[in-house]
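Undergrad: I'd like to ask you about the structure that follows.
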Amino acid sequence: MNLTMPTTFPLEDFLAFGKLASGFFHPLLSQENFNDPLEQQHHFSMAWLAVQYRYRTCWESNEDYRAIIANAGELWKEWASDEEQNYLVETCLFRFYTSALSVFDSFGFCLYFVGNGVDGTHFVSVSEPRKITLNATKNEYSSAFPNTGLSYQLSGLLTDPKFKEISAIRNIVAHRLTGRRTIRTCGGKREEHWYVPGVGDTTTFDPDMVQRHFNEVTRLLTTLTSAALEFMRRRIASPA
């Protein structure tokens, strides 16, 4: 694989997971795969690849955000009144938060097809991919493999406060409206926030704003990848 990934991506474990999981599908160039009307192997491999694409987009968005902030004019830095600069910042943030949630949506989609490959009696929505959500994946793993670390991690992901914060921001900016940098002075102290109606102004606006959420994406992804790899190793060792 020659895709360049940031050093923060759990590449070794993710590649190992992908290799082991591939063994539960028909080989890519096999006749069985070509004749599979559900395209299970293709859905799995493209979702697996999407996790990497979306994560790299998050990383690139963080780098772009830092550069945009650093190169902004003094008028925008002081008053945020340059609408062209606001557009550049907001476009960068839109790309980051939509990609951040997509990292986990794609991983959940990937895991759903893995679950079906391991146990064909569950995960019946492989015939209707539009029904496959991260929550659906969590529910199926909790039902089919209730006492596994992967089931626990999927449940924990959806209740993690930082994941819920990222998800809330993404759902608003992707479907309803844009955010806005706000500046106010309180008691002689200047405060800057990225205000998204429906989320509030709890997100401090500074050059590290995206980095903080990127660190959380990395944390959650690394933990989920480790659990997915351990799940595959255990299924191969004890397939029953």
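Every chain in the structure tokens takes a letter, A first, then B, and so on in the order presented; its residues are numbered from 1, and the ligands are numbered from 1 following the presented order.
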Residues near Asp13 in chain A, anyone? I mean within 7 Å using only C-alpha atoms, not counting same-chain ones fewer than 6 positions away, as a PyMOL selection string.
TA: chain A and resi 225-226+229
Undergrad: As an MDAnalysis selection string, please: every residue in range 42-142 of chain A that DSSP puts in alpha helix (DSSP H).
TA: chainID A and resid 42:70 74:79 83:118 134:142
Undergrad: Hey, what's within 12 Å of range 174-185 of chain A if we count only C-alpha atoms and toss same-chain stuff fewer than 3 positions away? As JSON, numbers by chain, please?
TA: {"A": [69, 76, 77, 78, 79, 80, 81, 82, 83, 85, 86, 87, 88, 89, 90, 91, 92, 93, 94, 95, 96, 97, 98, 99, 100, 101, 102, 166, 167, 168, 169, 170, 171, 188, 189, 190, 191, 192, 193, 194, 195, 196, 197, 198, 199, 200, 201, 202, 203, 204, 205, 206, 209]}
Undergrad: Could those residues be written to a file, using C-alpha atoms, as an mmCIF file, in the first residue's frame?
TA:
```cif
data_model
loop_
_atom_site.group_PDB
_atom_site.id
_atom_site.type_symbol
_atom_site.label_atom_id
_atom_site.label_comp_id
_atom_site.auth_asym_id
_atom_site.auth_seq_id
_atom_site.Cartn_x
_atom_site.Cartn_y
_atom_site.Cartn_z
ATOM 1 C CA ILE A 69 -5.153 31.519 10.651
ATOM 2 C CA TRP A 76 -9.720 39.740 10.473
ATOM 3 C CA LYS A 77 -7.514 38.844 13.429
ATOM 4 C CA GLU A 78 -8.804 41.828 15.365
ATOM 5 C CA TRP A 79 -12.456 41.972 14.292
ATOM 6 C CA ALA A 80 -13.227 38.884 12.123
ATOM 7 C CA SER A 81 -14.761 41.270 9.584
ATOM 8 C CA ASP A 82 -13.176 39.914 6.384
ATOM 9 C CA GLU A 83 -15.859 37.707 4.814
ATOM 10 C CA GLN A 85 -11.262 35.050 5.251
ATOM 11 C CA ASN A 86 -14.330 33.793 7.116
ATOM 12 C CA TYR A 87 -15.184 31.676 4.071
ATOM 13 C CA LEU A 88 -11.738 30.108 3.981
ATOM 14 C CA VAL A 89 -11.879 29.269 7.676
ATOM 15 C CA GLU A 90 -15.411 27.890 7.546
ATOM 16 C CA THR A 91 -14.722 25.778 4.470
ATOM 17 C CA CYS A 92 -11.754 24.256 6.237
ATOM 18 C CA LEU A 93 -13.803 23.550 9.364
ATOM 19 C CA PHE A 94 -16.656 22.064 7.323
ATOM 20 C CA ARG A 95 -14.228 19.694 5.646
ATOM 21 C CA PHE A 96 -12.683 18.683 8.956
ATOM 22 C CA TYR A 97 -15.876 17.941 10.883
ATOM 23 C CA THR A 98 -17.656 16.149 8.049
ATOM 24 C CA SER A 99 -14.571 14.009 7.479
ATOM 25 C CA ALA A 100 -14.095 13.397 11.210
ATOM 26 C CA LEU A 101 -17.513 11.806 11.602
ATOM 27 C CA SER A 102 -17.097 9.974 8.310
ATOM 28 C CA ILE A 166 -17.848 16.238 17.035
ATOM 29 C CA SER A 167 -21.000 14.499 15.798
ATOM 30 C CA ALA A 168 -23.223 17.382 16.913
ATOM 31 C CA ILE A 169 -21.050 19.961 15.139
ATOM 32 C CA ARG A 170 -20.915 17.909 11.964
ATOM 33 C CA ASN A 171 -24.676 17.334 11.857
ATOM 34 C CA GLY A 188 -11.085 43.132 30.408
ATOM 35 C CA LYS A 189 -10.354 39.644 29.086
ATOM 36 C CA ARG A 190 -10.719 38.931 25.368
ATOM 37 C CA GLU A 191 -12.456 35.650 24.527
ATOM 38 C CA GLU A 192 -12.798 34.025 21.123
ATOM 39 C CA HIS A 193 -15.125 31.137 20.294
ATOM 40 C CA TRP A 194 -16.391 29.322 17.230
ATOM 41 C CA TYR A 195 -20.126 29.728 17.628
ATOM 42 C CA VAL A 196 -22.390 27.123 16.030
ATOM 43 C CA PRO A 197 -26.093 27.678 16.834
ATOM 44 C CA GLY A 198 -27.355 24.504 18.449
ATOM 45 C CA VAL A 199 -23.933 23.640 19.881
ATOM 46 C CA GLY A 200 -23.120 26.928 21.595
ATOM 47 C CA ASP A 201 -19.854 28.802 21.924
ATOM 48 C CA THR A 202 -18.026 26.293 24.098
ATOM 49 C CA THR A 203 -15.427 25.687 21.382
ATOM 50 C CA THR A 204 -12.518 28.049 22.029
ATOM 51 C CA PHE A 205 -11.288 29.575 18.776
ATOM 52 C CA ASP A 206 -7.497 29.575 18.473
ATOM 53 C CA MET A 209 -8.974 24.404 17.921
#
```
Undergrad: Compare A:Ala47, A:Leu150, A:Gly18, A:Thr57 by their minimum atom-to-atom distance to Thr4 in chain A, counting only C-alpha atoms, and give me the closest one.
TA: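 Under the stated criterion, the closest residue is A:Thr57.
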Undergrad: Return the single residue from A:Lys164, A:Leu20, A:Ala228, A:Glu84 that is closest to Phe107 in chain A, with distances computed using only C-alpha atoms.
TA: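 Using only C-alpha atoms, Phe107 in chain A sits closest to A:Ala228.
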Undergrad: Taking only C-alpha atoms into account, which of A:Asn147, A:Asn215, A:Ser238, A:Asn116 comes nearest Asn62 in chain A?
TA: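 Once distances to Asn62 in chain A are computed over only C-alpha atoms, the minimum belongs to A:Asn215.
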Undergrad: Could you jot down the CA of Lys162 in chain A to CA of Val210 in chain A separation for me, Å, one decimal place?
TA: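 Answer for the CA of Lys162 in chain A to CA of Val210 in chain A separation: 12.7 Å.
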Undergrad: Please identify which residues in range 85-232 of chain A DSSP calls strand (DSSP E) from the backbone, and express them as a PyMOL selection string.
TA: chain A and resi 180-186+189-195
Undergrad: If we count only C-alpha atoms and set the cut-off at 12 Å, which residues sit around Ser142 in chain A, ignoring sequence neighbours fewer than 3 positions away in its own chain? Please answer as a PDB file with C-alpha atoms, in the first residue's frame.
TA:
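The resulting file, result-v5.pdb, is reproduced below:
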```pdb
ATOM      1  CA  TYR A 112     -20.875  -4.398   9.558  1.00  0.00           C
ATOM      2  CA  GLY A 115     -19.622  -9.103  11.043  1.00  0.00           C
ATOM      3  CA  HIS A 122     -26.728 -11.617  11.685  1.00  0.00           C
ATOM      4  CA  PHE A 123     -26.039  -8.300   9.967  1.00  0.00           C
ATOM      5  CA  ASN A 135     -25.616   2.655  15.594  1.00  0.00           C
ATOM      6  CA  ALA A 136     -26.881  -0.332  13.592  1.00  0.00           C
ATOM      7  CA  THR A 137     -23.370  -1.796  13.625  1.00  0.00           C
ATOM      8  CA  LYS A 138     -23.159  -1.304  17.380  1.00  0.00           C
ATOM      9  CA  ASN A 139     -26.520  -3.022  17.902  1.00  0.00           C
ATOM     10  CA  PHE A 145     -20.890 -10.868  19.841  1.00  0.00           C
ATOM     11  CA  PRO A 146     -22.042  -9.421  23.198  1.00  0.00           C
ATOM     12  CA  ASN A 147     -18.993 -10.157  25.313  1.00  0.00           C
ATOM     13  CA  THR A 148     -16.255  -8.924  23.015  1.00  0.00           C
ATOM     14  CA  GLY A 149     -14.011  -5.920  23.375  1.00  0.00           C
ATOM     15  CA  LEU A 150     -15.170  -4.667  19.971  1.00  0.00           C
ATOM     16  CA  SER A 151     -18.801  -4.616  21.106  1.00  0.00           C
ATOM     17  CA  TYR A 152     -17.814  -2.646  24.190  1.00  0.00           C
ATOM     18  CA  GLN A 153     -15.746  -0.188  22.160  1.00  0.00           C
ATOM     19  CA  LEU A 154     -18.543   0.433  19.665  1.00  0.00           C
ATOM     20  CA  SER A 155     -20.945   1.153  22.510  1.00  0.00           C
ATOM     21  CA  GLY A 156     -18.387   3.332  24.262  1.00  0.00           C
TER      22      GLY A 156
END
```
